[in-house]
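K.L.:
The file below is input17.txt, compact mmCIF, C-alpha atoms:
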```txt
# COMPACT_ATOMS: atom_id res chain seq x y z
CA MET A 282 83.65 89.79 93.12
CA LYS A 283 86.12 87.28 91.68
CA ILE A 284 89.17 88.87 90.06
CA ILE A 285 90.94 87.14 87.17
CA LEU A 286 94.30 88.26 85.79
CA ALA A 287 94.54 87.48 82.07
CA SER A 288 98.32 87.62 82.07
CA ALA A 289 101.12 85.08 82.41
CA SER A 290 103.54 87.74 83.69
CA PRO A 291 104.98 86.77 87.09
CA ARG A 292 105.67 90.46 87.75
CA ARG A 293 102.01 91.48 87.34
CA ARG A 294 101.05 88.60 89.60
CA GLU A 295 103.47 89.78 92.28
CA LEU A 296 102.17 93.35 92.07
CA LEU A 297 98.52 92.37 92.61
CA SER A 298 99.62 90.22 95.56
CA GLN A 299 101.67 93.11 96.95
CA ALA A 300 98.50 95.22 97.07
CA GLY A 301 96.72 92.47 99.00
CA ILE A 302 94.33 91.71 96.12
CA SER A 303 93.00 88.12 95.87
CA PHE A 304 92.86 86.84 92.30
CA GLN A 305 93.24 83.88 89.97
CA VAL A 306 95.43 83.73 86.87
CA ILE A 307 94.13 82.60 83.46
CA PRO A 308 96.63 83.78 80.83
CA SER A 309 95.20 84.74 77.47
CA THR A 310 96.53 82.57 74.65
CA LEU A 311 95.12 84.80 71.94
CA GLU A 312 97.39 85.73 69.04
CA GLU A 313 97.28 89.50 69.60
CA VAL A 314 96.90 91.91 66.71
CA MET A 315 98.71 95.28 66.83
CA ARG A 316 96.11 98.04 66.39
CA GLY A 317 96.27 101.82 66.82
CA ASP A 318 98.65 104.60 65.88
CA THR A 319 99.81 106.06 69.19
CA PRO A 320 101.51 104.12 72.04
CA GLU A 321 98.38 104.75 74.16
CA GLU A 322 96.05 103.24 71.53
CA ILE A 323 98.35 100.26 70.98
CA VAL A 324 98.73 99.22 74.64
CA MET A 325 95.05 99.78 75.40
CA SER A 326 94.06 97.67 72.39
CA LEU A 327 96.46 94.85 73.37
CA ALA A 328 95.19 94.92 76.96
CA GLU A 329 91.59 94.77 75.68
CA GLN A 330 92.35 91.80 73.47
CA LYS A 331 93.86 89.86 76.39
CA ALA A 332 91.12 90.69 78.88
CA GLY A 333 88.37 90.27 76.26
CA ASP A 334 89.66 86.82 75.29
CA ILE A 335 89.41 85.48 78.85
CA PHE A 336 86.18 87.36 79.58
CA GLU A 337 84.45 85.77 76.56
CA LYS A 338 85.65 82.32 77.56
CA LEU A 339 84.38 82.75 81.12
CA CYS A 340 80.99 83.87 79.81
CA GLN A 341 80.70 81.06 77.26
CA GLU A 342 82.64 77.94 78.16
CA PRO A 343 80.77 75.64 80.54
CA ARG A 344 84.00 74.03 81.76
CA LEU A 345 85.12 77.38 83.19
CA ALA A 346 81.82 78.00 84.97
CA ASP A 347 83.19 76.69 88.27
CA ILE A 348 85.74 79.52 88.34
CA THR A 349 83.12 82.24 88.40
CA ASP A 350 80.52 80.01 90.04
CA GLY A 351 77.86 81.90 88.09
CA GLY A 352 78.57 85.02 90.16
CA ASP A 353 80.09 88.43 89.46
CA PHE A 354 83.62 88.58 88.17
CA MET A 355 86.25 90.90 86.73
CA VAL A 356 89.01 90.18 84.19
CA ILE A 357 92.15 92.35 84.09
CA GLY A 358 94.41 92.49 81.02
CA ALA A 359 97.53 94.60 80.61
CA ASP A 360 100.27 95.32 78.12
CA THR A 361 103.47 97.35 78.45
CA ILE A 362 105.66 98.94 75.78
CA VAL A 363 108.79 101.04 75.90
CA VAL A 364 109.02 104.01 73.55
CA CYS A 365 112.22 105.89 72.78
CA ASP A 366 112.08 108.90 70.47
CA GLY A 367 108.85 107.63 68.95
CA ASP A 368 110.10 104.08 68.30
CA ARG A 369 108.65 101.07 70.09
CA LEU A 370 111.10 98.69 71.77
CA GLY A 371 109.76 95.20 72.40
CA LYS A 372 111.48 92.26 74.09
CA PRO A 373 114.98 91.66 72.71
CA LYS A 374 115.27 88.79 70.21
CA ASP A 375 118.81 87.95 71.28
CA ALA A 376 121.87 89.36 73.07
CA ALA A 377 122.81 91.59 70.13
CA ASP A 378 119.29 93.03 70.10
CA ALA A 379 119.43 93.61 73.88
CA ARG A 380 122.74 95.41 73.45
CA SER A 381 121.39 97.72 70.77
CA MET A 382 118.34 98.54 72.94
CA LEU A 383 120.52 99.39 75.94
CA LYS A 384 122.79 101.59 73.81
CA ARG A 385 119.67 103.26 72.43
CA LEU A 386 118.30 104.05 75.92
CA SER A 387 121.73 105.03 77.32
CA GLY A 388 122.00 108.52 78.78
CA ARG A 389 118.53 109.66 77.82
CA ARG A 390 114.84 109.76 78.61
CA HIS A 391 112.28 107.26 77.32
CA GLU A 392 108.65 106.48 78.07
CA VAL A 393 106.97 103.36 79.38
CA TYR A 394 103.28 102.88 78.56
CA THR A 395 101.06 100.32 80.22
CA GLY A 396 97.53 99.81 79.00
CA VAL A 397 95.00 98.17 81.31
CA ALA A 398 91.60 96.74 80.37
CA ILE A 399 89.04 95.68 82.97
CA TYR A 400 85.98 93.67 81.93
CA THR A 401 83.40 93.33 84.68
CA ARG A 402 80.32 91.11 84.83
CA ARG A 403 77.98 92.26 87.59
CA ASP A 404 74.38 91.03 87.89
CA GLY A 405 74.58 89.81 84.31
CA VAL A 406 75.67 93.19 82.98
CA THR A 407 79.01 93.70 81.25
CA GLN A 408 81.12 96.81 81.84
CA ARG A 409 84.43 97.64 80.19
CA GLN A 410 87.04 100.11 81.45
CA VAL A 411 90.29 100.85 79.65
CA PHE A 412 93.05 103.24 80.57
CA CYS A 413 96.70 103.90 79.91
CA GLU A 414 99.46 105.20 82.16
CA CYS A 415 102.77 106.68 81.02
CA THR A 416 105.95 106.95 83.09
CA LYS A 417 109.07 108.79 81.96
CA VAL A 418 112.40 107.13 82.71
CA ASP A 419 115.83 108.84 82.72
CA MET A 420 118.84 106.57 82.24
CA TYR A 421 122.49 107.05 83.09
CA PRO A 422 124.90 106.55 80.21
CA ILE A 423 125.54 102.80 79.82
CA SER A 424 129.07 101.83 78.78
CA GLU A 425 129.83 98.89 76.53
CA ALA A 426 131.24 96.94 79.52
CA GLN A 427 128.15 97.70 81.60
CA ALA A 428 125.81 96.58 78.79
CA GLN A 429 127.75 93.31 78.42
CA TRP A 430 127.75 92.74 82.19
CA TYR A 431 124.01 93.29 82.27
CA ILE A 432 123.34 91.03 79.28
CA ARG A 433 125.44 88.27 80.88
CA SER A 434 122.96 88.34 83.81
CA LYS A 435 120.24 87.29 81.29
CA GLU A 436 117.90 89.83 82.88
CA PRO A 437 117.21 91.84 79.67
CA MET A 438 115.89 88.93 77.65
CA ASP A 439 112.23 88.70 78.65
CA LYS A 440 111.68 92.43 79.20
CA ALA A 441 110.33 95.17 76.95
CA GLY A 442 113.13 97.66 76.26
CA GLY A 443 115.73 95.12 77.40
CA TYR A 444 115.87 96.09 81.07
CA GLY A 445 114.09 95.47 84.37
CA ILE A 446 113.82 98.43 86.73
CA GLN A 447 112.90 96.01 89.53
CA GLY A 448 116.09 93.99 89.09
CA ARG A 449 119.73 94.71 88.44
CA GLY A 450 118.64 97.20 85.78
CA ALA A 451 117.91 99.58 88.67
CA VAL A 452 121.55 100.69 88.61
CA PHE A 453 121.04 102.37 85.23
CA ILE A 454 118.00 104.45 86.25
CA ARG A 455 118.74 108.04 87.20
CA GLY A 456 115.12 108.78 88.02
CA ILE A 457 111.54 108.53 86.84
CA GLU A 458 108.51 110.78 86.54
CA GLY A 459 105.27 108.96 87.27
CA ASP A 460 104.29 105.57 88.69
CA TYR A 461 107.22 103.20 89.29
CA TYR A 462 104.98 100.12 89.17
CA ASN A 463 103.81 101.16 85.73
CA VAL A 464 107.39 100.56 84.55
CA VAL A 465 107.38 97.14 86.24
CA GLY A 466 104.20 96.31 84.30
CA LEU A 467 101.07 97.48 86.10
CA PRO A 468 99.95 100.94 87.31
CA LEU A 469 99.08 99.40 90.65
CA ALA A 470 97.71 102.40 92.56
CA LYS A 471 95.45 103.59 89.74
CA LEU A 472 94.20 100.04 89.15
CA TRP A 473 93.52 99.58 92.88
CA HIS A 474 91.39 102.71 92.89
CA ILE A 475 89.57 101.95 89.63
CA ILE A 476 88.58 98.38 90.48
CA GLY A 477 87.11 99.61 93.74
CA GLN A 478 89.52 97.81 96.05
CA SER A 479 90.04 101.19 97.67
CA GLU A 480 86.42 101.09 98.88
CA ASP A 481 86.46 97.46 99.99
CA VAL A 482 89.15 97.84 102.65
CA MET B 261 137.73 96.24 98.04
CA LYS B 262 135.60 94.95 100.91
CA ILE B 263 132.26 96.74 101.27
CA ILE B 264 130.61 97.09 104.66
CA LEU B 265 127.05 98.34 105.14
CA ALA B 266 126.72 100.16 108.48
CA SER B 267 122.95 99.71 108.59
CA ALA B 268 120.60 97.18 110.14
CA SER B 269 117.89 97.95 107.57
CA PRO B 270 116.79 94.79 105.73
CA ARG B 271 115.61 96.99 102.85
CA ARG B 272 119.05 98.55 102.28
CA ARG B 273 120.56 95.09 102.42
CA GLU B 274 118.14 93.85 99.75
CA LEU B 275 118.89 96.83 97.51
CA LEU B 276 122.66 96.28 97.55
CA SER B 277 122.07 92.60 96.78
CA GLN B 278 119.69 93.53 93.95
CA ALA B 279 122.53 95.48 92.32
CA GLY B 280 124.79 92.44 92.58
CA ILE B 281 127.09 94.11 95.12
CA SER B 282 128.93 91.83 97.58
CA PHE B 283 129.05 93.23 101.10
CA GLN B 284 128.96 92.50 104.81
CA VAL B 285 126.66 94.09 107.37
CA ILE B 286 127.91 95.69 110.60
CA PRO B 287 125.12 97.91 111.94
CA SER B 288 126.20 101.04 113.78
CA THR B 289 125.03 101.09 117.38
CA LEU B 290 125.95 104.73 117.89
CA GLU B 291 123.41 106.98 119.58
CA GLU B 292 123.01 109.43 116.69
CA VAL B 293 122.86 113.17 117.26
CA MET B 294 120.60 115.31 115.05
CA ARG B 295 122.72 118.02 113.44
CA GLY B 296 122.04 120.52 110.64
CA ASP B 297 119.23 122.83 109.64
CA THR B 298 118.05 121.58 106.27
CA PRO B 299 116.82 118.04 105.49
CA GLU B 300 119.93 117.56 103.31
CA GLU B 301 122.30 118.51 106.15
CA ILE B 302 120.44 116.32 108.64
CA VAL B 303 120.44 113.10 106.59
CA MET B 304 124.04 113.57 105.45
CA SER B 305 125.13 114.11 109.06
CA LEU B 306 123.25 111.04 110.29
CA ALA B 307 124.69 108.92 107.47
CA GLU B 308 128.19 110.17 108.33
CA GLN B 309 127.75 109.31 111.99
CA LYS B 310 126.72 105.74 111.16
CA ALA B 311 129.44 105.13 108.58
CA GLY B 312 132.06 106.94 110.71
CA ASP B 313 131.23 104.83 113.76
CA ILE B 314 131.90 101.55 111.94
CA PHE B 315 134.84 102.93 109.99
CA GLU B 316 136.59 103.99 113.22
CA LYS B 317 135.97 100.59 114.78
CA LEU B 318 137.37 98.77 111.77
CA CYS B 319 140.48 100.95 111.85
CA GLN B 320 141.02 100.57 115.59
CA GLU B 321 139.61 97.38 117.05
CA PRO B 322 141.93 94.41 116.66
CA ARG B 323 139.05 91.92 116.98
CA LEU B 324 137.53 93.33 113.75
CA ALA B 325 140.82 93.08 111.85
CA ASP B 326 139.83 89.76 110.29
CA ILE B 327 136.90 91.45 108.52
CA THR B 328 139.11 93.80 106.54
CA ASP B 329 142.08 91.45 106.62
CA GLY B 330 144.32 94.50 106.72
CA GLY B 331 143.28 95.38 103.17
CA ASP B 332 141.26 98.14 101.52
CA PHE B 333 137.68 98.59 102.58
CA MET B 334 134.67 100.87 102.29
CA VAL B 335 131.91 101.59 104.81
CA ILE B 336 128.49 102.79 103.63
CA GLY B 337 126.07 104.56 105.98
CA ALA B 338 122.64 105.93 105.07
CA ASP B 339 119.69 107.71 106.62
CA THR B 340 116.25 108.51 105.20
CA ILE B 341 113.71 111.11 106.30
CA VAL B 342 110.30 112.13 105.02
CA VAL B 343 109.50 115.84 104.85
CA CYS B 344 106.01 117.25 104.37
CA ASP B 345 105.57 121.01 104.14
CA GLY B 346 108.89 121.55 105.94
CA ASP B 347 108.13 119.17 108.83
CA ARG B 348 110.12 116.00 109.37
CA LEU B 349 108.16 112.75 109.79
CA GLY B 350 110.04 109.95 111.53
CA LYS B 351 108.89 106.42 112.29
CA PRO B 352 105.44 106.35 113.92
CA LYS B 353 105.43 105.82 117.70
CA ASP B 354 102.12 103.97 117.66
CA ALA B 355 98.99 103.38 115.55
CA ALA B 356 97.57 106.83 116.34
CA ASP B 357 100.82 108.44 115.22
CA ALA B 358 100.82 106.37 112.00
CA ARG B 359 97.24 107.49 111.33
CA SER B 360 98.10 111.15 111.76
CA MET B 361 101.10 110.80 109.42
CA LEU B 362 98.99 109.13 106.72
CA LYS B 363 96.32 111.84 107.02
CA ARG B 364 99.05 114.44 106.79
CA LEU B 365 100.48 112.93 103.56
CA SER B 366 97.03 112.23 102.06
CA GLY B 367 96.33 113.82 98.68
CA ARG B 368 99.53 115.81 98.46
CA ARG B 369 103.20 115.90 97.59
CA HIS B 370 106.02 115.30 100.05
CA GLU B 371 109.77 114.76 99.79
CA VAL B 372 111.97 111.84 100.77
CA TYR B 373 115.63 112.57 101.50
CA THR B 374 118.29 109.91 101.80
CA GLY B 375 121.80 110.86 102.87
CA VAL B 376 124.66 108.50 102.07
CA ALA B 377 128.16 108.56 103.51
CA ILE B 378 130.99 106.45 102.13
CA TYR B 379 134.26 106.09 104.05
CA THR B 380 137.01 104.43 102.08
CA ARG B 381 140.39 103.13 103.27
CA ARG B 382 142.69 102.51 100.32
CA ASP B 383 146.44 101.93 100.70
CA GLY B 384 146.21 103.35 104.20
CA VAL B 385 144.56 106.58 103.05
CA THR B 386 141.09 107.60 104.19
CA GLN B 387 138.61 109.20 101.81
CA ARG B 388 135.10 110.41 102.68
CA GLN B 389 132.24 111.03 100.24
CA VAL B 390 128.82 112.27 101.30
CA PHE B 391 125.79 113.03 99.18
CA CYS B 392 122.05 113.42 99.45
CA GLU B 393 119.26 112.49 97.05
CA CYS B 394 115.71 113.85 97.11
CA THR B 395 112.65 112.23 95.56
CA LYS B 396 109.23 113.86 95.38
CA VAL B 397 106.23 111.65 96.09
CA ASP B 398 102.59 112.40 95.15
CA MET B 399 99.93 110.59 97.17
CA TYR B 400 96.31 109.84 96.42
CA PRO B 401 93.84 111.00 99.05
CA ILE B 402 93.75 108.38 101.85
CA SER B 403 90.34 107.81 103.45
CA GLU B 404 89.89 106.99 107.14
CA ALA B 405 88.96 103.39 106.23
CA GLN B 406 92.02 103.05 104.00
CA ALA B 407 94.33 104.41 106.72
CA GLN B 408 92.87 101.95 109.25
CA TRP B 409 93.18 99.05 106.77
CA TYR B 410 96.79 99.97 106.15
CA ILE B 411 97.62 100.35 109.85
CA ARG B 412 96.05 96.94 110.56
CA SER B 413 98.65 95.45 108.17
CA LYS B 414 101.36 96.72 110.60
CA GLU B 415 103.38 97.91 107.61
CA PRO B 416 103.58 101.60 108.68
CA MET B 417 105.20 100.96 112.03
CA ASP B 418 108.91 100.69 111.21
CA LYS B 419 108.94 103.16 108.33
CA ALA B 420 109.74 106.88 108.15
CA GLY B 421 106.56 108.75 107.20
CA GLY B 422 104.43 105.73 108.14
CA TYR B 423 104.35 104.03 104.74
CA GLY B 424 106.37 101.67 102.57
CA ILE B 425 106.34 102.36 98.83
CA GLN B 426 107.76 98.88 98.26
CA GLY B 427 104.89 97.18 100.10
CA ARG B 428 101.15 97.60 100.34
CA GLY B 429 101.70 101.36 100.65
CA ALA B 430 102.24 101.33 96.85
CA VAL B 431 98.47 101.65 96.39
CA PHE B 432 98.56 105.18 97.81
CA ILE B 433 101.31 106.50 95.50
CA ARG B 434 100.09 108.42 92.45
CA GLY B 435 103.60 108.98 91.16
CA ILE B 436 107.10 110.10 92.01
CA GLU B 437 109.75 112.40 90.60
CA GLY B 438 113.25 111.08 91.07
CA ASP B 439 114.79 107.78 92.15
CA TYR B 440 112.29 105.19 93.42
CA TYR B 441 114.94 103.32 95.40
CA ASN B 442 115.77 106.52 97.24
CA VAL B 443 112.25 106.32 98.73
CA VAL B 444 112.85 102.68 99.70
CA GLY B 445 116.01 103.82 101.53
CA LEU B 446 119.03 103.96 99.24
CA PRO B 447 119.70 105.89 95.99
CA LEU B 448 120.98 102.69 94.44
CA ALA B 449 121.98 103.85 90.95
CA LYS B 450 123.88 106.92 92.18
CA LEU B 451 125.60 104.86 94.89
CA TRP B 452 126.56 102.18 92.33
CA HIS B 453 128.21 104.81 90.16
CA ILE B 454 129.91 106.65 93.03
CA ILE B 455 131.48 103.60 94.66
CA GLY B 456 132.93 102.58 91.32
CA GLN B 457 130.95 99.37 90.89
CA SER B 458 130.02 100.75 87.47
CA GLU B 459 133.68 100.41 86.43
CA ASP B 460 134.22 96.99 87.97
CA VAL B 461 131.65 95.12 85.88
```
As structure tokens - that is how I would like this structure written.

P.N.:
Amino acid sequence: MKIILASASPRRRELLSQAGISFQVIPSTLEEVMRGDTPEEIVMSLAEQKAGDIFEKLCQEPRLADITDGGDFMVIGADTIVVCDGDRLGKPKDAADARSMLKRLSGRRHEVYTGVAIYTRRDGVTQRQVFCECTKVDMYPISEAQAQWYIRSKEPMDKAGGYGIQGRGAVFIRGIEGDYYNVVGLPLAKLWHIIGQSEDV
Amino acid sequence: MKIILASASPRRRELLSQAGISFQVIPSTLEEVMRGDTPEEIVMSLAEQKAGDIFEKLCQEPRLADITDGGDFMVIGADTIVVCDGDRLGKPKDAADARSMLKRLSGRRHEVYTGVAIYTRRDGVTQRQVFCECTKVDMYPISEAQAQWYIRSKEPMDKAGGYGIQGRGAVFIRGIEGDYYNVVGLPLAKLWHIIGQSEDV
């Protein structure tokens, strides 16, 4: 079963590799549409759009046929958002935006939601699985000097919520409740079990 | 303030670097003695022995004087143990031992304790700080085939409890409660705050 990751995120790529999963990357270029009311609905919908985009292309475009070789395949899409007190925090637009996100998260608990969509084509039959995982994150208070130091490192800029738990941002995290890798961008253990890698070992 | 890590662990080294801390490594070669009754007492004592060993040497041995250059310095020692149902799990002796640890942890919650000792020499005055951090870890059930697959990767062999949350072992972790980096081997955020790096940014 060929596995295709429909994401350009280097972090998601690293996580699948860490689990020893073999896969190819075809990032979705779809202009995603925000749908749903709750964080769960939103991330699952975004993950579905990404995975669905690549799945359709693999089913329809002859030039991509050599990737699946006419055999069974699976496309994985994912999306992560950070929610603080009911508000969604995306990737910061600039340094000022990063600063206001860090001050917002400072000294309190927020939630990280990752939605995952898995489209499988097996013996010509399509199956779709979608799930969402939530991890709670407790932050130390972040002083103005600490926020500036962190922003100077440029780390906040490409990350939802303006921090990376897997990088220097680790120093601000008091603790979490749930899956750490879900905060990085992929609920790795749950995904590993759901896609059946746990039975293929 | 020079920082010295009294540990040979490549993982602890990586964590300090991740936080942007500059340090040197001088691993303690002391034959450690297990002291204390509770997991907290044991890891704090072991961390103290490691840090104390290097601290004493730096204070006394003339050949090490060029490391501290006669100035202020700080020695960090750490020790991590895994506790399941009150029993301590060390590093597995062999593959059979790793298997029995994994079966023991399978499908349940255990605790990871890391003790940290910090010896500081500032203006000729010695200060000692010791603390312990506990993280709870929930594991998925691990099948016989999964345990064998994981043992074949050799990853369990040099790790307390027989798994590495930062490696392939991630696929077995349902979630945690507390500091992720404490499970890797160092409560990075708490250490960063305690040693005053948070004020030096």

K.L.:
Neighbours of Ile425 (chain B) within 7 Å (only C-alpha atoms; same-chain residues fewer than 3 positions away dropped), as a list in words?

P.N.:
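Selected residues are Gly429, Ala430 and Val444 of chain B.
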
K.L.:
Just the selected residues (C-alpha atoms), exported as a PDB file, keeping the file's coordinate frame, please.

P.N.:
```pdb
ATOM      1  CA  GLY B 429     101.700 101.360 100.650  1.00  0.00           C
ATOM      2  CA  ALA B 430     102.240 101.330  96.850  1.00  0.00           C
ATOM      3  CA  VAL B 444     112.850 102.680  99.700  1.00  0.00           C
TER       4      VAL B 444
END
```

K.L.:
Using only C-alpha atoms, what table do you get, as JSON lines, when you list each residue of chain B with an atom no more than 7 Å from chain A, its nearest pair of atoms, and their distance in Å rounded to one decimal, rows by chain then rising number?

P.N.:
```
{"residue": "B:Gln278", "atom": "CA", "partner": "A:Arg449", "partner_atom": "CA", "distance": 5.6}
{"residue": "B:Ala279", "atom": "CA", "partner": "A:Arg449", "partner_atom": "CA", "distance": 4.8}
{"residue": "B:Gly280", "atom": "CA", "partner": "A:Arg449", "partner_atom": "CA", "distance": 6.9}
{"residue": "B:Ala405", "atom": "CA", "partner": "A:Val482", "partner_atom": "CA", "distance": 6.6}
{"residue": "B:Gln406", "atom": "CA", "partner": "A:Val482", "partner_atom": "CA", "distance": 6.1}
{"residue": "B:Trp409", "atom": "CA", "partner": "A:Val482", "partner_atom": "CA", "distance": 5.9}
{"residue": "B:Gly427", "atom": "CA", "partner": "A:Gln299", "partner_atom": "CA", "distance": 6.1}
{"residue": "B:Arg428", "atom": "CA", "partner": "A:Ala300", "partner_atom": "CA", "distance": 4.8}
{"residue": "B:Ala430", "atom": "CA", "partner": "A:Ala470", "partner_atom": "CA", "distance": 6.3}
{"residue": "B:Val431", "atom": "CA", "partner": "A:Ala470", "partner_atom": "CA", "distance": 4.0}
{"residue": "B:Phe432", "atom": "CA", "partner": "A:Ala470", "partner_atom": "CA", "distance": 6.0}
{"residue": "B:Ile433", "atom": "CA", "partner": "A:Ala470", "partner_atom": "CA", "distance": 6.2}
{"residue": "B:Arg434", "atom": "CA", "partner": "A:Asp460", "partner_atom": "CA", "distance": 6.3}
{"residue": "B:Gly435", "atom": "CA", "partner": "A:Gly459", "partner_atom": "CA", "distance": 4.2}
{"residue": "B:Ile436", "atom": "CA", "partner": "A:Gly459", "partner_atom": "CA", "distance": 5.2}
{"residue": "B:Glu437", "atom": "CA", "partner": "A:Glu458", "partner_atom": "CA", "distance": 4.5}
{"residue": "B:Gly438", "atom": "CA", "partner": "A:Gly456", "partner_atom": "CA", "distance": 4.3}
{"residue": "B:Asp439", "atom": "CA", "partner": "A:Gly456", "partner_atom": "CA", "distance": 4.3}
{"residue": "B:Tyr440", "atom": "CA", "partner": "A:Tyr461", "partner_atom": "CA", "distance": 6.8}
{"residue": "B:Leu448", "atom": "CA", "partner": "A:Val452", "partner_atom": "CA", "distance": 6.2}
{"residue": "B:Ala449", "atom": "CA", "partner": "A:Val452", "partner_atom": "CA", "distance": 4.0}
{"residue": "B:Trp452", "atom": "CA", "partner": "A:Val452", "partner_atom": "CA", "distance": 6.4}
{"residue": "B:Ser458", "atom": "CA", "partner": "A:Gln427", "partner_atom": "CA", "distance": 6.9}
{"residue": "B:Val461", "atom": "CA", "partner": "A:Trp430", "partner_atom": "CA", "distance": 5.9}
```

K.L.:
Any chance you could export the current selection's C-alpha atoms as a tab-separated table (two decimals), keeping the file's coordinate frame?

P.N.:
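Result file follows (selection-v2.tsv):
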```tsv
chain	number	residue	atom	x	y	z
B	278	GLN	CA	119.69	93.53	93.95
B	279	ALA	CA	122.53	95.48	92.32
B	280	GLY	CA	124.79	92.44	92.58
B	405	ALA	CA	88.96	103.39	106.23
B	406	GLN	CA	92.02	103.05	104.00
B	409	TRP	CA	93.18	99.05	106.77
B	427	GLY	CA	104.89	97.18	100.10
B	428	ARG	CA	101.15	97.60	100.34
B	430	ALA	CA	102.24	101.33	96.85
B	431	VAL	CA	98.47	101.65	96.39
B	432	PHE	CA	98.56	105.18	97.81
B	433	ILE	CA	101.31	106.50	95.50
B	434	ARG	CA	100.09	108.42	92.45
B	435	GLY	CA	103.60	108.98	91.16
B	436	ILE	CA	107.10	110.10	92.01
B	437	GLU	CA	109.75	112.40	90.60
B	438	GLY	CA	113.25	111.08	91.07
B	439	ASP	CA	114.79	107.78	92.15
B	440	TYR	CA	112.29	105.19	93.42
B	448	LEU	CA	120.98	102.69	94.44
B	449	ALA	CA	121.98	103.85	90.95
B	452	TRP	CA	126.56	102.18	92.33
B	458	SER	CA	130.02	100.75	87.47
B	461	VAL	CA	131.65	95.12	85.88
```

K.L.:
Name the residues in contact with region 367-374 of chain B at a cut-off of 9 Å, using all atoms listed in the file, excluding same-chain residues fewer than 2 positions from it; report them as number ranges by chain.

P.N.:
B: 299-300, 303-304, 307, 338-345, 363-365, 376, 391-402, 421, 432, 436, 442-443, 445-447

K.L.:
Considering only C-alpha atoms, return as a list in words whatever protein or nucleic-acid residues lie within 9 Å of Asp418 (chain B), sequence-local ones (same chain, fewer than 3 positions apart) excluded.

P.N.:
Lys351, Pro352, Lys353, Lys414, Glu415, Gly422 and Tyr423 of chain B

K.L.:
Near region 307-313 of chain A, within 10 Å and counting all atoms listed in the file, which residues show up once chain neighbours fewer than 6 positions away are dropped, as a list in words?

P.N.:
Ile285, Leu286, Ala287, Ser288, Ala289, Ser290, Ser326, Leu327, Ala328, Glu329, Gln330, Lys331, Ala332, Gly333, Asp334, Ile335, Phe336, Lys338, Val356, Ile357 and Gly358 of chain A

K.L.:
Between CA of Pro437 (chain A) and CA of Met382 (chain A), what is the distance, to one decimal in Å?

P.N.:
9.6 Å

K.L.:
Which one is closest to Thr319 (chain A): A:Ser387, A:Arg369, A:Tyr400, A:Arg344? Count all atoms listed in the file.

P.N.:
A:Arg369

K.L.:
In Å, how far is it from CA of Leu383 (chain A) to CA of Asp368 (chain A)?

P.N.:
13.7 Å
